[in-house]
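Q: Sending over a structure as structure tokens; questions will come in a sec.
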Amino acid sequence: MKPAVPENHLLHDSDEPLLPIVASGDRLAVNRCIRRYGPLVWSIARRLSPTPADAEDAVQEIFLDIWRNADRFDRTRGSEKVFVTMLARRTLIDRLRSLRTRLRAETYIDEQSECEGPATGRAERHAEVEEARQLLEQLPLPQQRVIALSLVQGMSHAEISDSTGLPLGTVKTMLRRGIVRVRELLSARRQP
Amino acid sequence: MNDEGEDIARLTELAIDRLVGTLSEDDAVEYAALRARLPGFSDADLERAVAVTHLASGVRPEPLPQGLQVHLAGDATDYFASASRARGSAEPVPHSRQSWRHLGGWFAAAACLVVALVIWEERPVRVILVPATATSPSVAPGMVRSAAESAAPGGADTRVVGDKPSVAAATRGAPDSEAVTPGVPAGESVTPSERGSDRSSAIASERPPERPPERPSVVESAAAQRERLLASNPYVLRRPWRAGNDAAGFTVSGDVVWDPRSQTGFMRFVGLRRNEPNAEQYQLWIFDARRDDRYPVDGGVFDISGAKQGDVIPIRAALRVGVALTFAVTIEKPGGVVVSDRSRIAALADTT
């Protein structure tokens, strides 16, 4: 089966930002962007959506958001991958919030991938993410698990509490403190 | 810690809950109140921290489903064509037009694949081609499928396409769609329950026996304005509708788009029951964090035609809206009311 988004062997993906070119409507850059970030967005969406069909709809909405906001990407503020992840999470959380008001969403969780170890590879080599990973690795294991269950698996505080046996308040505190520490790390990176 | 320091600390906690999707309804009220009290607070750094933490916690990219890749490419084509029209230029400025042309064969192959998949599929497919107008962009690409599926009668898979006459575009699959089915007049509705060996030629040669206009021109115009607003303004708020307590809205989908700076916005509804204007009308209310929630801002009275592609309605706020918290659509007597008893709520959209 031919790939829907064409590969061009004359152009190999690098970590160079694509979004500034995408913003001008360059079709080749658009397709490269889908190839580069589609698997990441799909992976995130699959875990933060109640059904695979909903995940597909979400991915389409996310990419529209990416096209719409491409010109807002500022490489001095962080990597393109983080920018895309922010947009993806924003859309997914909005969708979940809307859904949860109507019914209790059963988070679509792939049990086999639950609490996977950190991924490796070119896509993960961004310095800010690496530094954050090192920071997270220094946290107590239960806190690492709470953070992964919340962000990667999209579980609610209550679900995490049930799953880990930790009190609800502890779950909230662990998650919030972890994120605040990463924010502090990112702020420190930006200091001259 | 002084009061403001405590407020900031609490707002930070709530902002994190919001960013990870665990903000309760009670906390959402507190969050909105604190945001109103601390207008300088920004959660941009927190949002970035959440994204970085997410990536650092282990995300393993997975191959996109093939069909989804096709849809994304089609959506992108529609979006940039629409954005280009909105900017008033004939075409986006291509950085590598030569490369794109070079790839045409790939897209033709992808388009053929899509056509083959559609033909192979068992369910009947109903293709609706939206009329092309000078001012109308393509149907909002991200919303096309849900709109079509909501309107599909009898479980048939209804697909709505933009103003390009293309079978491939019917599945939002082929970016280079014009090459696939040339000669199909825009505005035609095709119901090929018969799937011959040459679907393209069938669509090109057969006109449906009758097809009333799907949307009046005024709706097209509102849809175009909505697209322009979305394409041109990064501060626009966009939230999905959810059902209220009235059966008229039980299948509602679509979204509300609101620009707090220009105080303009649009509501897009799919699946909201058509109203009889002489009997009742819909009315929008905007709950503002800076106002008493007993007195939401009147957003205007409107009717729903039940068009399959959805109705797009401009918002006409009677007063300036500070911080929009909730958009609520009620059903009222013709002409609307000054104060709603909120007994019949058709749709709601929350911003927090």
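Naming works like this for the structure tokens: A, B, ... for the chains as they're shown, residue 1 at the start of each chain, ligands 1 onward in shown order.
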So that I can check the surroundings of Glu4 in chain B, please list as a list of chain:residue names every protein, DNA and RNA residue that reaches within 12 Å of it, counting only C-alpha atoms and ignoring chain neighbours fewer than 5 positions away.
A: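 After dropping sequence-adjacent residues, the list is B:Ala9, B:Arg10, B:Leu11, B:Leu34, B:Arg35, B:Arg37, B:Leu38, B:Pro39, B:Gly40, B:Phe41.
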Q: Could you take the residues named above and write them with C-alpha atoms, as a compact mmCIF listing (two decimals), in the first residue's frame?
A:
```txt
# COMPACT_ATOMS: atom_id res chain seq x y z
CA ALA B 9 -0.65 29.58 44.65
CA ARG B 10 -4.23 28.38 44.56
CA LEU B 11 -4.72 29.59 41.01
CA LEU B 34 -9.41 33.88 40.66
CA ARG B 35 -8.58 34.54 37.03
CA ARG B 37 -9.16 38.72 40.32
CA LEU B 38 -5.66 38.16 38.93
CA PRO B 39 -5.85 39.30 35.31
CA GLY B 40 -2.07 39.29 35.02
CA PHE B 41 -1.80 35.60 35.74
```
Q: Using only C-alpha atoms, tabulate the residues of chain A lying at most 7 Å from any atom of chain B, each with its closest atom pair and that distance in Å to one decimal, by chain and increasing residue number, as CSV.
A:
```
residue,atom,partner,partner_atom,distance
A:Lys2,CA,B:Ala110,CA,6.9
A:Ala4,CA,B:Val70,CA,5.2
A:Val5,CA,B:Gln69,CA,6.6
A:Pro6,CA,B:Trp106,CA,5.9
A:Ser24,CA,B:Val93,CA,6.2
A:Gly25,CA,B:Pro92,CA,5.5
A:Asp26,CA,B:Pro94,CA,4.8
A:Arg27,CA,B:Trp100,CA,6.6
A:Leu28,CA,B:Trp100,CA,6.0
A:Asn31,CA,B:Ala73,CA,6.8
A:Gly38,CA,B:Leu64,CA,6.2
A:Pro39,CA,B:Pro61,CA,4.7
A:Leu40,CA,B:Pro61,CA,4.3
A:Trp42,CA,B:Leu64,CA,6.2
A:Ser43,CA,B:Pro61,CA,5.4
A:Glu56,CA,B:Leu68,CA,6.7
A:Gln60,CA,B:Gly142,CA,5.9
A:Glu61,CA,B:Gly142,CA,5.3
A:Leu64,CA,B:Gly142,CA,6.6
A:Arg68,CA,B:Ala231,CA,6.1
A:Asn69,CA,B:Pro234,CA,6.8
A:Val82,CA,B:Ala51,CA,5.9
A:Thr85,CA,B:Ala51,CA,5.7
A:Met86,CA,B:Ala51,CA,5.4
A:Ile93,CA,B:Gly21,CA,5.3
A:Arg97,CA,B:Gly21,CA,6.5
A:Ser98,CA,B:Arg242,CA,6.6
A:Glu116,CA,B:Gly58,CA,6.3
A:Gly117,CA,B:Gly58,CA,5.9
A:Pro118,CA,B:Gly58,CA,4.0
A:Ala119,CA,B:Gly58,CA,5.3
A:Val129,CA,B:Ala56,CA,5.4
A:Glu130,CA,B:Ala56,CA,6.8
A:Ala132,CA,B:Ala56,CA,6.0
A:Arg133,CA,B:Ala56,CA,4.7
A:Ala148,CA,B:Ser57,CA,5.5
A:Leu151,CA,B:His54,CA,5.4
A:Val152,CA,B:His54,CA,6.1
A:Ser156,CA,B:Thr22,CA,5.9
A:His157,CA,B:Thr22,CA,6.9
A:Arg176,CA,B:Glu13,CA,6.4
A:Ile179,CA,B:Val50,CA,6.1
A:Val182,CA,B:Ala49,CA,5.6
A:Arg183,CA,B:Ala49,CA,4.9
```
Q: Those residues you just picked out, can you put them in a file as a short mmCIF file (atom, residue, chain, number, x, y, z; two decimals), in the first residue's frame with N, CA and C atoms?
A:
```cif
data_model
loop_
_atom_site.label_atom_id
_atom_site.label_comp_id
_atom_site.auth_asym_id
_atom_site.auth_seq_id
_atom_site.Cartn_x
_atom_site.Cartn_y
_atom_site.Cartn_z
N LYS A 2 0.59 2.16 -0.89
CA LYS A 2 1.37 3.39 -0.95
C LYS A 2 1.06 4.27 0.24
N ALA A 4 -0.13 7.43 2.15
CA ALA A 4 -1.02 8.51 1.76
C ALA A 4 -0.28 9.82 1.69
N VAL A 5 0.65 9.99 2.59
CA VAL A 5 1.48 11.18 2.57
C VAL A 5 2.82 10.79 1.96
N PRO A 6 3.15 11.35 0.85
CA PRO A 6 4.29 10.85 0.11
C PRO A 6 5.62 11.04 0.81
N SER A 24 3.18 29.28 5.81
CA SER A 24 3.02 29.93 4.51
C SER A 24 2.19 29.06 3.56
N GLY A 25 1.80 27.90 4.03
CA GLY A 25 0.97 27.04 3.20
C GLY A 25 1.76 26.10 2.32
N ASP A 26 3.03 25.96 2.58
CA ASP A 26 3.87 25.07 1.76
C ASP A 26 3.40 23.62 1.94
N ARG A 27 2.98 23.05 0.86
CA ARG A 27 2.34 21.73 0.95
C ARG A 27 3.33 20.64 1.32
N LEU A 28 4.52 20.76 0.84
CA LEU A 28 5.51 19.74 1.16
C LEU A 28 5.82 19.78 2.66
N ASN A 31 3.01 18.17 4.58
CA ASN A 31 3.07 16.70 4.58
C ASN A 31 4.19 16.17 5.47
N GLY A 38 2.53 13.30 13.25
CA GLY A 38 1.32 12.47 13.26
C GLY A 38 1.40 11.32 14.25
N PRO A 39 2.47 10.54 14.24
CA PRO A 39 2.56 9.42 15.19
C PRO A 39 2.56 9.86 16.65
N LEU A 40 3.20 10.98 16.93
CA LEU A 40 3.20 11.48 18.31
C LEU A 40 1.78 11.90 18.72
N TRP A 42 -1.03 11.08 17.41
CA TRP A 42 -1.92 9.91 17.44
C TRP A 42 -1.74 9.13 18.75
N SER A 43 -0.51 8.97 19.14
CA SER A 43 -0.22 8.24 20.38
C SER A 43 -0.84 8.95 21.59
N GLU A 56 -9.42 9.63 16.39
CA GLU A 56 -9.18 10.05 14.99
C GLU A 56 -9.75 11.44 14.75
N GLN A 60 -7.59 15.00 13.81
CA GLN A 60 -7.90 15.93 12.71
C GLN A 60 -8.08 17.36 13.26
N GLU A 61 -8.76 17.46 14.37
CA GLU A 61 -8.95 18.78 14.97
C GLU A 61 -7.61 19.38 15.41
N LEU A 64 -5.68 20.70 12.46
CA LEU A 64 -6.22 21.99 12.01
C LEU A 64 -5.71 23.11 12.92
N ARG A 68 -3.46 26.30 11.91
CA ARG A 68 -3.96 27.64 12.27
C ARG A 68 -2.95 28.40 13.12
N ASN A 69 -2.21 27.70 13.93
CA ASN A 69 -1.29 28.35 14.87
C ASN A 69 0.17 28.25 14.46
N VAL A 82 7.30 20.31 21.54
CA VAL A 82 6.56 20.73 22.73
C VAL A 82 5.37 21.58 22.33
N THR A 85 2.74 19.35 21.10
CA THR A 85 2.15 18.63 22.22
C THR A 85 1.20 19.52 23.01
N MET A 86 1.57 20.78 23.16
CA MET A 86 0.67 21.72 23.86
C MET A 86 -0.65 21.84 23.12
N ILE A 93 -7.92 17.83 26.00
CA ILE A 93 -8.50 18.11 27.31
C ILE A 93 -9.85 18.81 27.13
N ARG A 97 -13.21 17.29 28.56
CA ARG A 97 -14.00 18.08 29.51
C ARG A 97 -15.45 18.13 29.05
N SER A 98 -15.62 18.33 27.77
CA SER A 98 -16.97 18.37 27.23
C SER A 98 -17.66 17.02 27.38
N GLU A 116 4.86 2.78 30.33
CA GLU A 116 6.06 2.41 29.58
C GLU A 116 7.23 3.22 30.09
N GLY A 117 8.38 2.69 29.88
CA GLY A 117 9.57 3.47 30.19
C GLY A 117 9.70 4.59 29.18
N PRO A 118 10.57 5.51 29.46
CA PRO A 118 10.74 6.62 28.55
C PRO A 118 11.13 6.14 27.15
N ALA A 119 10.55 6.77 26.16
CA ALA A 119 10.88 6.40 24.80
C ALA A 119 12.26 6.90 24.45
N VAL A 129 13.19 18.39 27.03
CA VAL A 129 12.50 17.16 27.42
C VAL A 129 13.47 16.24 28.15
N GLU A 130 14.70 16.18 27.66
CA GLU A 130 15.70 15.34 28.33
C GLU A 130 15.95 15.81 29.76
N ALA A 132 13.95 17.50 31.60
CA ALA A 132 12.75 17.21 32.40
C ALA A 132 12.72 15.74 32.79
N ARG A 133 13.12 14.90 31.86
CA ARG A 133 13.12 13.46 32.17
C ARG A 133 14.09 13.16 33.32
N ALA A 148 2.83 9.96 35.23
CA ALA A 148 2.65 9.22 33.97
C ALA A 148 1.19 8.81 33.79
N LEU A 151 -0.78 12.22 32.88
CA LEU A 151 -0.50 12.90 31.62
C LEU A 151 -0.51 11.94 30.44
N VAL A 152 0.13 10.81 30.59
CA VAL A 152 0.24 9.90 29.44
C VAL A 152 -1.04 9.10 29.26
N SER A 156 -7.99 10.30 35.68
CA SER A 156 -8.39 11.36 36.61
C SER A 156 -7.69 11.13 37.95
N HIS A 157 -7.76 12.13 38.81
CA HIS A 157 -7.16 11.98 40.14
C HIS A 157 -7.75 10.76 40.85
N ARG A 176 0.80 18.09 40.96
CA ARG A 176 1.02 19.53 40.88
C ARG A 176 2.48 19.88 41.14
N ILE A 179 4.75 19.06 38.19
CA ILE A 179 4.64 20.01 37.07
C ILE A 179 5.27 21.35 37.43
N VAL A 182 8.93 21.12 36.98
CA VAL A 182 9.34 21.21 35.57
C VAL A 182 9.23 22.64 35.08
N ARG A 183 8.20 23.34 35.52
CA ARG A 183 8.09 24.74 35.12
C ARG A 183 9.30 25.52 35.62
#
```
Q: So how many Å separate CA of Thr251 in chain B and CA of Gly271 in chain B, to one decimal?
A: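 Straight-line distance from CA of Thr251 in chain B to CA of Gly271 in chain B works out to 5.2 Å.
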Q: To one decimal place, how far is CA of Glu184 in chain A from CA of Arg145 in chain A in Å?
A: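 Atom-to-atom, CA of Glu184 in chain A and CA of Arg145 in chain A are spaced 20.3 Å apart.
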Q: Which residues come within 10 Å of Met267 in chain B, counting only C-alpha atoms, excluding same-chain residues fewer than 6 positions away, as a list of chain:residue names?
A: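 Once the nearby chain positions are removed, what remains is B:Ala222, B:Ala223, B:Arg226, B:Arg238, B:Arg239, B:Pro240, B:Trp241, B:Gly254, B:Asp255, B:Val256, B:Val257, B:Trp258, B:Leu284, B:Gly310, B:Asp311, B:Val312, B:Ile313, B:Pro314, B:Ile315, B:Phe327.
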Q: Could you list, as a ChimeraX atom specification, every residue within 12 Å of Ala36 in chain B, counting only C-alpha atoms and ignoring same-chain residues fewer than 5 positions away?
A: /B:7-8,11,29-31,41-42,288-291,322-325
Q: For Ile44 in chain A, which of A:Arg32, A:Arg90, A:Arg189, A:Arg77 is the closest residue, counting only C-alpha atoms?
A: A:Arg90
